[in-house]
>>> print(open('work_36.txt').read())   # compact mmCIF, C-alpha atoms
# COMPACT_ATOMS: atom_id res chain seq x y z
CA MET A 751 43.05 -49.93 -12.62
CA SER A 752 41.70 -51.73 -9.55
CA GLU A 753 41.84 -48.57 -7.45
CA GLY A 754 40.09 -46.65 -10.21
CA LEU A 755 37.27 -49.18 -10.29
CA ARG A 756 36.85 -48.95 -6.52
CA GLU A 757 36.62 -45.19 -6.68
CA ARG A 758 34.09 -45.40 -9.49
CA HIS A 759 32.01 -47.86 -7.48
CA LYS A 760 32.09 -45.54 -4.47
CA ARG A 761 30.99 -42.56 -6.54
CA ARG A 762 28.13 -44.53 -8.05
CA THR A 763 27.03 -45.85 -4.67
CA ARG A 764 27.12 -42.38 -3.18
CA GLN A 765 25.11 -40.96 -6.07
CA ARG A 766 22.55 -43.76 -5.89
CA ILE A 767 22.01 -43.19 -2.18
CA ALA A 768 21.64 -39.43 -2.74
CA ASP A 769 19.21 -39.90 -5.63
CA VAL A 770 17.07 -42.40 -3.71
CA ALA A 771 17.03 -40.15 -0.65
CA THR A 772 16.02 -37.11 -2.72
CA GLY A 773 13.14 -39.03 -4.27
CA LEU A 774 11.85 -40.14 -0.88
CA PHE A 775 12.22 -36.67 0.64
CA LEU A 776 10.33 -35.07 -2.24
CA GLU A 777 7.57 -37.68 -2.02
CA ARG A 778 7.05 -37.71 1.75
CA GLY A 779 8.99 -34.82 3.27
CA PHE A 780 12.44 -34.77 4.85
CA ASP A 781 11.26 -35.31 8.42
CA ARG A 782 9.01 -38.25 7.49
CA VAL A 783 11.80 -40.37 5.99
CA THR A 784 14.34 -42.23 8.13
CA VAL A 785 17.90 -43.09 7.21
CA ALA A 786 16.93 -46.75 7.55
CA GLU A 787 14.26 -46.26 4.88
CA VAL A 788 16.78 -44.58 2.59
CA ALA A 789 19.18 -47.49 3.09
CA ALA A 790 16.49 -50.06 2.33
CA ALA A 791 15.37 -48.27 -0.83
CA ALA A 792 18.97 -47.89 -2.03
CA GLU A 793 19.67 -51.55 -1.15
CA VAL A 794 22.58 -50.75 1.15
CA SER A 795 23.09 -50.97 4.90
CA VAL A 796 22.42 -48.09 7.27
CA ASN A 797 26.13 -48.05 8.08
CA THR A 798 26.91 -47.60 4.39
CA VAL A 799 24.64 -44.56 4.23
CA TYR A 800 26.41 -43.03 7.22
CA ASN A 801 29.81 -43.82 5.73
CA TYR A 802 28.96 -41.58 2.79
CA PHE A 803 26.70 -39.11 4.61
CA PRO A 804 27.58 -38.73 8.32
CA ALA A 805 24.36 -36.81 9.03
CA LYS A 806 20.90 -37.12 7.51
CA GLU A 807 21.06 -33.44 6.47
CA ASP A 808 24.16 -34.25 4.39
CA LEU A 809 21.92 -36.22 2.04
CA VAL A 810 20.39 -32.89 0.98
CA LEU A 811 23.25 -30.48 1.69
CA PRO A 812 26.49 -32.46 1.24
CA PRO A 813 29.48 -30.53 2.64
CA ASP A 814 31.42 -30.82 -0.61
CA GLN A 815 28.65 -28.93 -2.43
CA ALA A 816 27.29 -26.69 0.34
CA SER A 817 30.72 -25.58 1.51
CA PRO A 818 31.25 -22.86 4.13
CA ARG A 819 34.36 -21.90 2.15
CA ARG A 820 32.44 -21.03 -1.02
CA ILE A 821 32.71 -17.22 -0.84
CA ALA A 822 36.20 -17.29 0.67
CA ASP A 823 37.40 -19.58 -2.14
CA ILE A 824 35.94 -17.23 -4.76
CA VAL A 825 37.93 -14.38 -3.21
CA ARG A 826 41.10 -16.49 -2.98
CA GLU A 827 40.83 -17.43 -6.65
CA ARG A 828 40.18 -13.91 -8.00
CA PRO A 829 42.53 -12.65 -10.72
CA PRO A 830 44.87 -9.68 -10.31
CA GLY A 831 43.16 -6.32 -10.42
CA ARG A 832 39.88 -7.57 -8.96
CA SER A 833 38.62 -6.69 -5.51
CA ALA A 834 36.96 -9.15 -3.16
CA ALA A 835 33.47 -7.75 -3.74
CA GLN A 836 33.89 -7.59 -7.51
CA ALA A 837 35.13 -11.17 -7.61
CA VAL A 838 31.99 -12.45 -5.90
CA LEU A 839 29.74 -10.37 -8.16
CA ASP A 840 31.60 -11.69 -11.21
CA ARG A 841 31.20 -15.31 -10.09
CA LEU A 842 27.49 -14.88 -9.40
CA ARG A 843 27.02 -13.37 -12.86
CA GLU A 844 28.85 -16.30 -14.45
CA GLU A 845 26.76 -18.83 -12.54
CA VAL A 846 23.51 -17.07 -13.43
CA ALA A 847 24.52 -16.87 -17.11
CA ARG A 848 25.11 -20.61 -17.32
CA ARG A 849 22.05 -21.47 -15.19
CA ASP A 850 24.27 -23.19 -12.65
CA ARG A 851 22.66 -26.00 -10.67
CA SER A 852 24.25 -24.69 -7.47
CA LEU A 853 21.96 -21.64 -7.71
CA GLY A 854 18.85 -23.72 -8.29
CA LEU A 855 18.39 -22.39 -11.82
CA THR A 856 17.18 -25.69 -13.20
CA GLU A 857 13.78 -27.07 -14.06
CA GLY A 858 12.18 -28.92 -11.17
CA PHE A 859 14.10 -27.14 -8.41
CA GLY A 860 10.92 -25.67 -6.93
CA PRO A 861 9.73 -28.84 -5.12
CA PHE A 862 13.26 -29.51 -3.87
CA PHE A 863 13.53 -25.99 -2.46
CA ALA A 864 10.09 -26.27 -0.84
CA MET A 865 11.12 -29.56 0.76
CA MET A 866 14.20 -27.91 2.27
CA ARG A 867 12.28 -24.92 3.60
CA ALA A 868 9.72 -27.24 5.25
CA ALA A 869 12.38 -29.05 7.32
CA PRO A 870 13.54 -27.11 10.43
CA THR A 871 16.86 -28.96 10.64
CA LEU A 872 17.67 -28.10 7.02
CA VAL A 873 16.73 -24.46 7.56
CA ALA A 874 19.01 -24.43 10.60
CA ARG A 875 21.80 -26.01 8.53
CA LEU A 876 21.43 -23.30 5.88
CA GLU A 877 21.55 -20.56 8.51
CA GLU A 878 24.64 -22.08 10.09
CA LEU A 879 26.21 -22.36 6.64
CA GLY A 880 25.64 -18.66 6.05
CA HIS A 881 27.33 -17.72 9.33
CA ARG A 882 30.29 -19.96 8.61
CA MET A 883 30.66 -18.53 5.10
CA ASN A 884 30.84 -15.06 6.60
CA ASP A 885 33.45 -16.09 9.18
CA GLU A 886 35.60 -17.85 6.56
CA LEU A 887 35.47 -14.79 4.31
CA ALA A 888 36.35 -12.40 7.13
CA ALA A 889 39.38 -14.51 7.98
CA VAL A 890 40.60 -14.47 4.36
CA LEU A 891 40.13 -10.70 4.08
CA ALA A 892 42.01 -10.10 7.33
CA GLU A 893 44.84 -12.35 6.18
CA GLU A 894 45.14 -10.79 2.72
CA THR A 895 45.02 -7.19 3.95
CA GLY A 896 47.29 -7.80 6.92
CA THR A 897 44.69 -6.36 9.24
CA ALA A 898 45.20 -6.42 12.99
CA PRO A 899 42.97 -8.93 14.85
CA GLU A 900 41.03 -6.17 16.61
CA ASP A 901 40.28 -4.26 13.38
CA PRO A 902 36.57 -4.67 12.52
CA LEU A 903 36.91 -3.73 8.83
CA PRO A 904 37.33 -7.28 7.42
CA ARG A 905 34.23 -8.40 9.32
CA VAL A 906 32.25 -5.39 8.08
CA VAL A 907 33.26 -6.03 4.46
CA ALA A 908 32.62 -9.77 4.81
CA ALA A 909 29.13 -9.06 6.17
CA GLN A 910 28.38 -6.82 3.18
CA ILE A 911 29.59 -9.37 0.63
CA SER A 912 27.86 -12.27 2.40
CA GLY A 913 24.71 -10.18 2.58
CA TYR A 914 24.35 -9.65 -1.15
CA HIS A 915 25.38 -13.25 -1.79
CA SER A 916 22.49 -14.34 0.45
CA LEU A 917 20.19 -11.81 -1.21
CA ILE A 918 20.78 -13.45 -4.60
CA PHE A 919 20.05 -16.93 -3.27
CA GLY A 920 16.99 -15.65 -1.44
CA GLU A 921 15.67 -13.98 -4.57
CA ILE A 922 16.12 -17.16 -6.58
CA GLY A 923 14.34 -19.16 -3.88
CA ARG A 924 11.45 -16.69 -3.77
CA ARG A 925 10.98 -16.81 -7.52
CA VAL A 926 11.39 -20.58 -7.72
CA THR A 927 8.69 -20.97 -5.09
CA ALA A 928 6.44 -18.70 -7.15
CA GLY A 929 6.85 -21.06 -10.09
CA GLU A 930 8.93 -18.83 -12.36
CA ARG A 931 11.01 -20.44 -15.10
CA PRO A 932 14.84 -20.50 -14.86
CA ASP A 933 15.31 -18.08 -17.77
CA ALA A 934 12.96 -15.51 -16.25
CA ILE A 935 14.64 -15.90 -12.86
CA ALA A 936 18.08 -15.48 -14.41
CA GLU A 937 17.00 -12.25 -16.11
CA ALA A 938 15.58 -10.84 -12.88
CA VAL A 939 18.62 -11.85 -10.84
CA THR A 940 20.96 -10.27 -13.38
CA GLU A 941 19.06 -7.01 -12.92
CA LEU A 942 19.42 -7.41 -9.16
CA LEU A 943 23.17 -7.90 -9.54
CA ASP A 944 23.31 -4.72 -11.63
CA ALA A 945 21.51 -2.83 -8.86
CA ILE A 946 23.84 -4.21 -6.19
CA GLU A 947 26.94 -3.22 -8.14
CA GLU A 948 25.52 0.23 -8.83
CA MET A 949 24.86 0.83 -5.15
CA LEU A 950 28.22 -0.45 -3.91
CA GLY A 951 30.55 2.50 -3.46
CA ALA A 952 34.24 2.85 -4.19
CA PRO A 953 35.30 1.76 -0.66
CA MET A 954 33.67 -1.66 -1.14
CA LEU A 955 34.59 -2.17 -4.78
CA GLY A 956 38.12 -1.01 -4.06
CA TYR A 957 38.72 -3.09 -0.94
CA ALA A 958 41.24 -5.94 -1.09
CA VAL A 959 42.14 -5.52 -4.76
CA ARG A 960 44.59 -8.24 -5.73
CA GLU A 961 47.84 -6.73 -6.93
CA GLU A 962 48.97 -7.28 -10.49
CA ARG A 963 51.70 -9.87 -10.77
CA PRO A 964 55.01 -8.39 -11.89
CA CYS A 965 55.99 -9.35 -15.42
CA SER A 966 58.84 -11.83 -15.58
CA GLU A 967 61.94 -10.58 -17.26
>>> encode(input="work_36.txt", output="structure tokens")
Amino acid sequence: MSEGLRERHKRRTRQRIADVATGLFLERGFDRVTVAEVAAAAEVSVNTVYNYFPAKEDLVLPPDQASPRRIADIVRERPPGRSAAQAVLDRLREEVARRDRSLGLTEGFGPFFAMMRAAPTLVARLEELGHRMNDELAAVLAEETGTAPEDPLPRVVAAQISGYHSLIFGEIGRRVTAGERPDAIAEAVTELLDAIEEMLGAPMLGYAVREERPCSE
């Protein structure tokens, strides 16, 4: 019970710091707020902020939510009979359908997105995240297909999948910035996903299909 209470306290402290930081960043801009100011507003020490968020950028893009393993994990978790590309398309469709917060399909995301795009260090973090996602995915594809290290095919496929994943997020960001409502954005993005799937050929949609598990006797 005691350990559970400690963990609950840590989660609440972490969330309070993140919420306070977000409010300050939206009000004044990411670059105009210091970690010391976040700590003071959250009524914790600067060291406490860094214990939960090792870098200032983590207050906006925490590694557990903005993970470089996102696409690779989707591919790892795909069911039998699904290819790598189809698994990512399926997940994006599911997230769009439920207006997932991770896509920014929530009311009020526009100012938050604008704040991120106005901060060079956050833009750089997002670009780095995209590169790392691609590298993680390429490694998983090479491992699953047993491809030789010098074979470029896993990297080519990973670049294609990462590309349309980025295209979806970019489209959402563009429409959010334009002030469109989540439902309208979701409808437009679903049409974009349809177009992507229609244009992907058999080589992509048939690459790295997970084998069906044999039935147990």
>>> atom_distance(input="work_36.txt", atom1="atom CA of A:Tyr957", atom2="atom CA of A:Ala816")
26.3 Å
>>> atom_distance(input="work_36.txt", atom1="atom CA of A:Ala889", atom2="atom CA of A:Val959")
15.8 Å
>>> atom_distance(input="work_36.txt", atom1="atom CA of A:Thr856", atom2="atom CA of A:Leu776")
16.0 Å
>>> residues_near_point(input="work_36.txt", point="(34.3, 1.9, -0.5)", cutoff="12 Å", atoms="all atoms listed in the file", output="ChimeraX atom specification")
/A:833-836,903,906-907,910,947,949-959
>>> closest_atom_pairs(input="work_36.txt", of="stretch 803-900 of chain A", to="stretch 927-938 of chain A", cutoff="10 Å", atoms="all atoms listed in the file", output="tab-separated table")
residue	atom	partner	partner_atom	distance
A:Arg843	CA	A:Ala936	CA	9.3
A:Glu845	CA	A:Ala936	CA	9.5
A:Val846	CA	A:Ala936	CA	5.7
A:Ala847	CA	A:Ala936	CA	7.1
A:Arg848	CA	A:Ala936	CA	9.2
A:Arg849	CA	A:Ala936	CA	7.2
A:Leu853	CA	A:Ala936	CA	9.9
A:Gly854	CA	A:Pro932	CA	8.3
A:Leu855	CA	A:Pro932	CA	5.0
A:Thr856	CA	A:Pro932	CA	5.9
A:Glu857	CA	A:Pro932	CA	6.7
A:Gly858	CA	A:Arg931	CA	9.4
A:Phe859	CA	A:Thr927	CA	8.9
A:Gly860	CA	A:Thr927	CA	5.5
A:Pro861	CA	A:Thr927	CA	7.9
A:Phe862	CA	A:Thr927	CA	9.8
A:Phe863	CA	A:Thr927	CA	7.5
A:Ala864	CA	A:Thr927	CA	6.9
>>> closest_residue(input="work_36.txt", among="A:Glu878, A:Ile918, A:Arg819, A:Pro870", to="A:Val890", atoms="all atoms listed in the file")
A:Arg819
>>> closest_residue(input="work_36.txt", among="A:Ala874, A:Ala868, A:Leu839, A:Ala805", to="A:Leu917", atoms="only C-alpha atoms")
A:Leu839
>>> axis_aligned_box(input="work_36.txt", around="stretch 868-874 of chain A", padding_each_side="4 Å", output="lines of an AutoDock Vina configuration file")
center_x = 14.4
center_y = -26.7
center_z = 7.9
size_x = 17.3
size_y = 12.6
size_z = 13.4
>>> closest_residue(input="work_36.txt", among="A:Glu787, A:Glu757, A:Asp885, A:Asp840", to="A:Leu774", atoms="all atoms listed in the file")
A:Glu787
>>> closest_residue(input="work_36.txt", among="A:Leu872, A:Val838, A:Val810, A:Ala898", to="A:Gly773", atoms="all atoms listed in the file")
A:Val810
>>> residues_around(input="work_36.txt", residues="A:Asp823", least_positions_apart="5", cutoff="12 Å", atoms="only C-alpha atoms", output="list in words")
Ser817, Pro818, Arg828, Ala834, Ala837, Val838, Arg841, Met883, Asn884, Glu886, Leu887, Ala888, Ala889, Val890 and Leu891 of chain A
>>> closest_residue(input="work_36.txt", among="A:Val783, A:Val788, A:Val799, A:Ile911", to="A:Lys760", atoms="all atoms listed in the file")
A:Val799
>>> residues_around(input="work_36.txt", residues="A:Arg960", least_positions_apart="3", cutoff="6 Å", atoms="only C-alpha atoms", output="mmCIF file with C-alpha atoms, in the coordinates of the input")
data_model
loop_
_atom_site.group_PDB
_atom_site.id
_atom_site.type_symbol
_atom_site.label_atom_id
_atom_site.label_comp_id
_atom_site.auth_asym_id
_atom_site.auth_seq_id
_atom_site.Cartn_x
_atom_site.Cartn_y
_atom_site.Cartn_z
ATOM 1 C CA PRO A 830 44.870 -9.680 -10.310
ATOM 2 C CA GLY A 831 43.160 -6.320 -10.420
ATOM 3 C CA ARG A 832 39.880 -7.570 -8.960
#
>>> closest_residue(input="work_36.txt", among="A:Ala869, A:Ile922, A:Ala909, A:Val796", to="A:Asp850", atoms="all atoms listed in the file")
A:Ile922
>>> decode(input="work_36.txt", residues="stretch 772-846 of chain A", atoms="C-alpha atoms", output="JSON list (two decimals), in the first residue's frame")
[["chain", "number", "residue", "atom", "x", "y", "z"],
["A", 772, "THR", "CA", 2.09, 23.67, -20.69],
["A", 773, "GLY", "CA", 0.07, 26.60, -19.37],
["A", 774, "LEU", "CA", 3.15, 28.82, -19.14],
["A", 775, "PHE", "CA", 4.40, 27.79, -22.58],
["A", 776, "LEU", "CA", 1.03, 28.53, -24.17],
["A", 777, "GLU", "CA", 0.82, 31.89, -22.43],
["A", 778, "ARG", "CA", 4.35, 33.15, -23.09],
["A", 779, "GLY", "CA", 6.02, 30.82, -25.57],
["A", 780, "PHE", "CA", 8.37, 27.90, -24.97],
["A", 781, "ASP", "CA", 11.59, 29.88, -25.28],
["A", 782, "ARG", "CA", 10.41, 32.64, -22.92],
["A", 783, "VAL", "CA", 9.81, 30.33, -19.96],
["A", 784, "THR", "CA", 12.64, 28.91, -17.85],
["A", 785, "VAL", "CA", 12.66, 25.64, -15.96],
["A", 786, "ALA", "CA", 13.07, 27.66, -12.77],
["A", 787, "GLU", "CA", 9.82, 29.48, -13.53],
["A", 788, "VAL", "CA", 8.06, 26.17, -14.14],
["A", 789, "ALA", "CA", 9.35, 24.85, -10.83],
["A", 790, "ALA", "CA", 8.20, 27.95, -8.95],
["A", 791, "ALA", "CA", 4.73, 27.85, -10.48],
["A", 792, "ALA", "CA", 4.39, 24.13, -9.73],
["A", 793, "GLU", "CA", 5.72, 24.69, -6.19],
["A", 794, "VAL", "CA", 8.56, 22.20, -6.54],
["A", 795, "SER", "CA", 12.33, 22.55, -6.76],
["A", 796, "VAL", "CA", 14.22, 22.84, -10.03],
["A", 797, "ASN", "CA", 15.88, 19.51, -9.24],
["A", 798, "THR", "CA", 12.45, 17.91, -8.91],
["A", 799, "VAL", "CA", 11.49, 19.14, -12.38],
["A", 800, "TYR", "CA", 14.68, 17.65, -13.82],
["A", 801, "ASN", "CA", 14.10, 14.39, -11.97],
["A", 802, "TYR", "CA", 10.87, 13.95, -13.90],
["A", 803, "PHE", "CA", 11.88, 15.73, -17.10],
["A", 804, "PRO", "CA", 15.65, 15.55, -17.79],
["A", 805, "ALA", "CA", 15.41, 18.17, -20.56],
["A", 806, "LYS", "CA", 13.14, 21.18, -20.93],
["A", 807, "GLU", "CA", 11.85, 19.77, -24.24],
["A", 808, "ASP", "CA", 10.64, 16.68, -22.37],
["A", 809, "LEU", "CA", 8.01, 18.86, -20.72],
["A", 810, "VAL", "CA", 6.33, 19.13, -24.13],
["A", 811, "LEU", "CA", 7.49, 15.91, -25.80],
["A", 812, "PRO", "CA", 7.99, 13.35, -23.01],
["A", 813, "PRO", "CA", 9.89, 10.28, -24.29],
["A", 814, "ASP", "CA", 7.22, 7.88, -23.03],
["A", 815, "GLN", "CA", 4.65, 9.57, -25.28],
["A", 816, "ALA", "CA", 6.81, 10.77, -28.18],
["A", 817, "SER", "CA", 8.66, 7.48, -28.52],
["A", 818, "PRO", "CA", 11.09, 6.74, -31.37],
["A", 819, "ARG", "CA", 9.82, 3.15, -31.19],
["A", 820, "ARG", "CA", 6.23, 4.06, -32.05],
["A", 821, "ILE", "CA", 6.13, 2.75, -35.64],
["A", 822, "ALA", "CA", 8.43, -0.18, -34.90],
["A", 823, "ASP", "CA", 6.18, -1.23, -31.99],
["A", 824, "ILE", "CA", 3.10, -1.07, -34.22],
["A", 825, "VAL", "CA", 4.83, -3.43, -36.65],
["A", 826, "ARG", "CA", 5.98, -5.75, -33.86],
["A", 827, "GLU", "CA", 2.45, -5.97, -32.48],
["A", 828, "ARG", "CA", 0.69, -6.64, -35.81],
["A", 829, "PRO", "CA", -1.51, -9.75, -36.01],
["A", 830, "PRO", "CA", -0.81, -12.71, -38.29],
["A", 831, "GLY", "CA", -1.61, -12.09, -41.93],
["A", 832, "ARG", "CA", -0.86, -8.36, -41.80],
["A", 833, "SER", "CA", 2.11, -6.74, -43.47],
["A", 834, "ALA", "CA", 4.20, -4.00, -41.91],
["A", 835, "ALA", "CA", 2.69, -1.24, -44.06],
["A", 836, "GLN", "CA", -0.88, -2.45, -43.54],
["A", 837, "ALA", "CA", -0.37, -2.62, -39.79],
["A", 838, "VAL", "CA", 0.65, 1.04, -39.63],
["A", 839, "LEU", "CA", -2.25, 2.09, -41.86],
["A", 840, "ASP", "CA", -4.64, 0.11, -39.66],
["A", 841, "ARG", "CA", -3.34, 1.75, -36.48],
["A", 842, "LEU", "CA", -3.59, 5.23, -37.95],
["A", 843, "ARG", "CA", -7.18, 4.54, -39.01],
["A", 844, "GLU", "CA", -8.03, 3.34, -35.50],
["A", 845, "GLU", "CA", -6.46, 6.41, -33.90],
["A", 846, "VAL", "CA", -8.24, 8.77, -36.29]]
